[in-house]
Amino acid sequence: MFPIKQILGGLIMPLPVVLFLLTAGLVLLWATSRQLLGRSLILTGILLLFLVSLPAVGDRLILPLEEEYPHIIEPESVNSEVEWIVVLGHGAGFHPEVQPHARLSGEALFRVLEGVRLHRALPGTRLLFTGYGPVEGFSSAQANADVALDLGVSEEFVEVDPGPRDTGEEAEAARARIDPGEPFILVTSAAHLPRAVLHFRGRGLDPIPAPAQRYSLDQPRSLRGNFPSGGGVHMIERAVHERVGILWGRITGVF
């Protein structure tokens with residue numbers, strides 16, 4: 001089921017859709033007499049590519065997700081009974097020849113930094129890193145934990161669970177350690193938090209959301225920053241991924 005989810009999730013992203021429209025249009029132009037339909041598909045693909053690459057469009061789509069939970073600016077204001085800080089996994093590469101932080105994706109690094117920042121401000125808290133890895137013996141959870149240890153966090157306050165393959169399984173991993181009603185901090189990217197919180201609450205847990213980073217800061221961009229770019233496409237991919245995940249969770253009754 002998990003590989004199927006990954007494949008289907010990838011196919012509905014903007015770029016695969018654009019490539020499908022362009023390819024289908026070219027095939028119709030070259031191999032059939034349906035010239036008008038072929039041109040229409042190509043034009044639609046080009047227009048869609050232009051729209052999804054505009055940062056302003058990405059901003060508008062991802063901003064509502066990122067604004068749902070406020071950032072924790074003053075960790076000292078968090079419930080003093082917090083024992084756990086759960087840091088969700090993200091992309092990491094198996095590159096033993098580079099420093100621990102260089103193995104992480106940008107989102108993963110922000111999550112680790114926020115987890116470590118909160119841990120230092122809340123002495124005695126324990127960091128739980130979750131997330132699987134595509135290479136046997138390697139996981140995003142361990143890669144994240146390695147960075148935390150490299151930043152000076154004591155090993156006694158770090159726990160790693162490399163089993164979870166998605167957010168739902170990460171919530172299950174947390175439930176195995178945290179009792180319902182027990183306060184804990186949930187660290188992940190701002191756009192991912194709305195869906196993550198639903199997964200955790202759906203399993204009887206009540207996390208304190210802690211956004212690690214965000215793509216849209218809702219502020220004016222420079223002239224160049226408004227040009228079509230890969231960053232605009234990435235914001236839309238993140239927004240689509242999260243909204244489809246929330247819709248799927250509601251349809252399947254997960255939350």
# chains A, B, ... in the order shown; residues from 1 in each chain; ligands from 1
$ closest_atom_pairs --of "range 28-98 of chain A" --to "range 125-148 of chain A" --cutoff "10 Å" --atoms "only C-alpha atoms" --output "JSON lines"
{"residue": "A:Ser80", "atom": "CA", "partner": "A:Thr125", "partner_atom": "CA", "distance": 9.9}
{"residue": "A:Glu81", "atom": "CA", "partner": "A:Thr125", "partner_atom": "CA", "distance": 9.3}
{"residue": "A:Val82", "atom": "CA", "partner": "A:Thr125", "partner_atom": "CA", "distance": 6.9}
{"residue": "A:Glu83", "atom": "CA", "partner": "A:Thr125", "partner_atom": "CA", "distance": 4.7}
{"residue": "A:Trp84", "atom": "CA", "partner": "A:Arg126", "partner_atom": "CA", "distance": 4.9}
{"residue": "A:Ile85", "atom": "CA", "partner": "A:Leu127", "partner_atom": "CA", "distance": 4.9}
{"residue": "A:Val86", "atom": "CA", "partner": "A:Leu128", "partner_atom": "CA", "distance": 4.7}
{"residue": "A:Val87", "atom": "CA", "partner": "A:Phe129", "partner_atom": "CA", "distance": 5.0}
{"residue": "A:Leu88", "atom": "CA", "partner": "A:Thr130", "partner_atom": "CA", "distance": 5.4}
{"residue": "A:Gly89", "atom": "CA", "partner": "A:Gly131", "partner_atom": "CA", "distance": 4.6}
{"residue": "A:His90", "atom": "CA", "partner": "A:Ser140", "partner_atom": "CA", "distance": 6.3}
{"residue": "A:Gly91", "atom": "CA", "partner": "A:Ser140", "partner_atom": "CA", "distance": 6.4}
{"residue": "A:Ala92", "atom": "CA", "partner": "A:Ser140", "partner_atom": "CA", "distance": 5.4}
{"residue": "A:Gly93", "atom": "CA", "partner": "A:Ser140", "partner_atom": "CA", "distance": 8.0}
{"residue": "A:Phe94", "atom": "CA", "partner": "A:Phe138", "partner_atom": "CA", "distance": 7.0}
{"residue": "A:His95", "atom": "CA", "partner": "A:Ala143", "partner_atom": "CA", "distance": 10.0}
$ write_last_selection --atoms "N, CA and C atoms" --output "tab-separated table (two decimals), in the first residue's frame"
chain	number	residue	atom	x	y	z
A	80	SER	N	5.09	23.50	31.21
A	80	SER	CA	6.30	23.06	31.92
A	80	SER	C	6.35	21.55	32.14
A	81	GLU	N	5.23	20.86	31.91
A	81	GLU	CA	5.18	19.41	32.12
A	81	GLU	C	5.60	18.62	30.88
A	82	VAL	N	5.99	19.33	29.83
A	82	VAL	CA	6.39	18.65	28.59
A	82	VAL	C	7.62	17.78	28.84
A	83	GLU	N	7.53	16.52	28.44
A	83	GLU	CA	8.65	15.59	28.56
A	83	GLU	C	9.24	15.25	27.19
A	84	TRP	N	8.38	15.18	26.17
A	84	TRP	CA	8.81	14.74	24.85
A	84	TRP	C	8.74	15.86	23.81
A	85	ILE	N	9.71	15.88	22.93
A	85	ILE	CA	9.69	16.71	21.72
A	85	ILE	C	9.83	15.75	20.55
A	86	VAL	N	8.76	15.60	19.77
A	86	VAL	CA	8.74	14.66	18.66
A	86	VAL	C	9.10	15.41	17.38
A	87	VAL	N	10.17	14.99	16.73
A	87	VAL	CA	10.64	15.63	15.49
A	87	VAL	C	10.39	14.66	14.34
A	88	LEU	N	9.51	15.04	13.43
A	88	LEU	CA	9.16	14.16	12.33
A	88	LEU	C	10.24	14.14	11.26
A	89	GLY	N	10.36	13.02	10.58
A	89	GLY	CA	11.42	12.84	9.60
A	89	GLY	C	11.13	13.51	8.28
A	90	HIS	N	12.17	13.65	7.48
A	90	HIS	CA	12.07	14.16	6.11
A	90	HIS	C	13.24	13.59	5.34
A	91	GLY	N	13.51	14.12	4.16
A	91	GLY	CA	14.53	13.54	3.29
A	91	GLY	C	15.94	13.61	3.87
A	92	ALA	N	16.67	12.55	3.68
A	92	ALA	CA	18.08	12.49	4.08
A	92	ALA	C	18.81	11.55	3.14
A	93	GLY	N	20.08	11.82	2.90
A	93	GLY	CA	20.87	10.99	2.01
A	93	GLY	C	21.94	10.23	2.77
A	94	PHE	N	22.24	9.04	2.28
A	94	PHE	CA	23.25	8.20	2.93
A	94	PHE	C	24.61	8.58	2.36
A	95	HIS	N	25.24	9.56	2.99
A	95	HIS	CA	26.54	10.05	2.54
A	95	HIS	C	27.50	10.11	3.74
$ residues_around --residues "Leu28 in chain A" --least-positions-apart "3" --cutoff "12 Å" --atoms "only C-alpha atoms" --output "VMD selection string"
chain A and resid 21 to 25 31 to 42
$ write_last_selection --atoms "N, CA and C atoms" --output "compact mmCIF listing (two decimals), in the first residue's frame"
# COMPACT_ATOMS: atom_id res chain seq x y z
N LEU A 21 0.35 16.27 -20.23
CA LEU A 21 -0.38 17.08 -21.21
C LEU A 21 0.46 17.35 -22.44
N LEU A 22 1.74 17.72 -22.24
CA LEU A 22 2.62 18.01 -23.37
C LEU A 22 2.88 16.76 -24.22
N THR A 23 3.12 15.65 -23.55
CA THR A 23 3.40 14.40 -24.27
C THR A 23 2.17 13.95 -25.06
N ALA A 24 1.02 14.00 -24.40
CA ALA A 24 -0.21 13.59 -25.09
C ALA A 24 -0.48 14.49 -26.29
N GLY A 25 -0.23 15.80 -26.12
CA GLY A 25 -0.45 16.72 -27.22
C GLY A 25 0.47 16.45 -28.39
N ALA A 31 1.00 11.69 -34.55
CA ALA A 31 0.54 10.34 -34.90
C ALA A 31 -0.94 10.24 -35.25
N THR A 32 -1.69 11.31 -35.11
CA THR A 32 -3.12 11.24 -35.40
C THR A 32 -3.56 12.47 -36.19
N SER A 33 -4.82 12.46 -36.53
CA SER A 33 -5.39 13.60 -37.24
C SER A 33 -6.06 14.60 -36.30
N ARG A 34 -6.00 14.33 -35.01
CA ARG A 34 -6.67 15.20 -34.03
C ARG A 34 -5.76 16.36 -33.67
N GLN A 35 -5.53 17.20 -34.65
CA GLN A 35 -4.58 18.31 -34.50
C GLN A 35 -5.06 19.35 -33.48
N LEU A 36 -6.34 19.69 -33.53
CA LEU A 36 -6.86 20.71 -32.62
C LEU A 36 -6.73 20.28 -31.16
N LEU A 37 -7.08 19.02 -30.89
CA LEU A 37 -6.96 18.52 -29.52
C LEU A 37 -5.50 18.50 -29.09
N GLY A 38 -4.62 18.09 -30.00
CA GLY A 38 -3.19 18.07 -29.67
C GLY A 38 -2.68 19.46 -29.32
N ARG A 39 -3.03 20.46 -30.14
CA ARG A 39 -2.59 21.83 -29.85
C ARG A 39 -3.17 22.32 -28.53
N SER A 40 -4.41 21.97 -28.28
CA SER A 40 -5.07 22.40 -27.04
C SER A 40 -4.38 21.83 -25.80
N LEU A 41 -3.99 20.56 -25.89
CA LEU A 41 -3.30 19.94 -24.75
C LEU A 41 -1.93 20.58 -24.53
N ILE A 42 -1.23 20.86 -25.62
CA ILE A 42 0.09 21.49 -25.49
C ILE A 42 -0.06 22.89 -24.90
$ select_by_dssp --residues "range 24-245 of chain A" --states "strand (DSSP E)" --output "short mmCIF file (atom, residue, chain, number, x, y, z; two decimals) with N, CA and C atoms, in the first residue's frame"
data_model
loop_
_atom_site.label_atom_id
_atom_site.label_comp_id
_atom_site.auth_asym_id
_atom_site.auth_seq_id
_atom_site.Cartn_x
_atom_site.Cartn_y
_atom_site.Cartn_z
N TRP A 84 8.38 15.18 26.17
CA TRP A 84 8.81 14.74 24.85
C TRP A 84 8.74 15.86 23.81
N ILE A 85 9.71 15.88 22.93
CA ILE A 85 9.69 16.71 21.72
C ILE A 85 9.83 15.75 20.55
N VAL A 86 8.76 15.60 19.77
CA VAL A 86 8.74 14.66 18.66
C VAL A 86 9.10 15.41 17.38
N VAL A 87 10.17 14.99 16.73
CA VAL A 87 10.64 15.63 15.49
C VAL A 87 10.39 14.66 14.34
N ARG A 126 13.01 15.14 26.23
CA ARG A 126 13.60 14.09 25.41
C ARG A 126 13.18 14.27 23.96
N LEU A 127 14.13 14.08 23.05
CA LEU A 127 13.88 14.23 21.62
C LEU A 127 13.61 12.86 21.00
N LEU A 128 12.47 12.73 20.34
CA LEU A 128 12.16 11.50 19.60
C LEU A 128 12.21 11.82 18.11
N PHE A 129 13.13 11.17 17.41
CA PHE A 129 13.26 11.34 15.97
C PHE A 129 12.65 10.12 15.27
N THR A 130 11.78 10.38 14.28
CA THR A 130 11.10 9.29 13.59
C THR A 130 11.35 9.39 12.09
N VAL A 158 18.09 11.51 23.61
CA VAL A 158 17.75 11.27 22.21
C VAL A 158 17.24 9.84 22.03
N GLU A 159 16.10 9.70 21.37
CA GLU A 159 15.57 8.38 21.03
C GLU A 159 15.23 8.36 19.55
N VAL A 160 15.50 7.24 18.91
CA VAL A 160 15.32 7.10 17.46
C VAL A 160 14.35 5.97 17.15
N ASP A 161 13.39 6.24 16.27
CA ASP A 161 12.49 5.19 15.78
C ASP A 161 12.53 5.22 14.26
N PHE A 184 3.08 17.22 24.90
CA PHE A 184 4.34 17.04 24.19
C PHE A 184 4.37 17.99 23.00
N ILE A 185 5.56 18.26 22.49
CA ILE A 185 5.73 19.17 21.37
C ILE A 185 5.92 18.39 20.08
N LEU A 186 5.23 18.80 19.04
CA LEU A 186 5.34 18.16 17.74
C LEU A 186 6.01 19.13 16.77
N VAL A 187 7.20 18.75 16.31
CA VAL A 187 7.99 19.62 15.42
C VAL A 187 7.96 19.07 14.00
N THR A 188 7.54 19.91 13.09
CA THR A 188 7.61 19.59 11.66
C THR A 188 7.48 20.89 10.89
N PRO A 207 -0.95 17.09 20.68
CA PRO A 207 0.36 17.73 20.56
C PRO A 207 0.30 19.25 20.66
N ILE A 208 1.42 19.82 21.05
CA ILE A 208 1.62 21.27 20.99
C ILE A 208 2.36 21.53 19.68
N PRO A 209 1.72 22.12 18.67
CA PRO A 209 2.35 22.29 17.35
C PRO A 209 3.52 23.27 17.40
N ALA A 210 4.61 22.90 16.74
CA ALA A 210 5.80 23.75 16.69
C ALA A 210 6.31 23.81 15.25
N PRO A 211 5.91 24.81 14.47
CA PRO A 211 6.39 24.93 13.09
C PRO A 211 7.90 25.15 13.05
#
$ residues_around --residues "Ala176 in chain A" --least-positions-apart "6" --cutoff "12 Å" --atoms "only C-alpha atoms" --output "compact mmCIF listing (two decimals) with C-alpha atoms, in the first residue's frame"
# COMPACT_ATOMS: atom_id res chain seq x y z
CA LEU A 128 12.16 11.50 19.60
CA ASP A 161 12.49 5.19 15.78
CA GLU A 169 3.02 5.61 11.43
CA GLU A 170 5.00 8.39 13.11
CA PHE A 200 -1.78 12.61 16.10
CA ARG A 203 -4.75 8.55 17.70
CA GLY A 204 -5.80 10.14 20.96
CA LEU A 205 -2.78 12.42 21.40
$ residues_around --residues "range 53-69 of chain A" --least-positions-apart "2" --cutoff "9 Å" --atoms "only C-alpha atoms" --output "PyMOL selection string"
chain A and resi 48-51+71+189-194+209-211+213-218+221+225-240+242-243
$ select_by_dssp --residues "range 171-205 of chain A" --states "helix (DSSP H, G or I)" --output "list of chain:residue names"
A:Ala171, A:Glu172, A:Ala173, A:Ala174, A:Arg175, A:Leu193, A:Pro194, A:Arg195, A:Ala196, A:Val197, A:Leu198, A:His199, A:Phe200, A:Arg201
$ closest_residue --among "A:Leu11, A:His199, A:Trp248, A:Val254" --to "Ala173 in chain A" --atoms "only C-alpha atoms"
A:His199
$ closest_residue --among "A:Glu114, A:Pro70, A:Glu97, A:Gly10" --to "Ala212 in chain A" --atoms "only C-alpha atoms"
A:Glu114
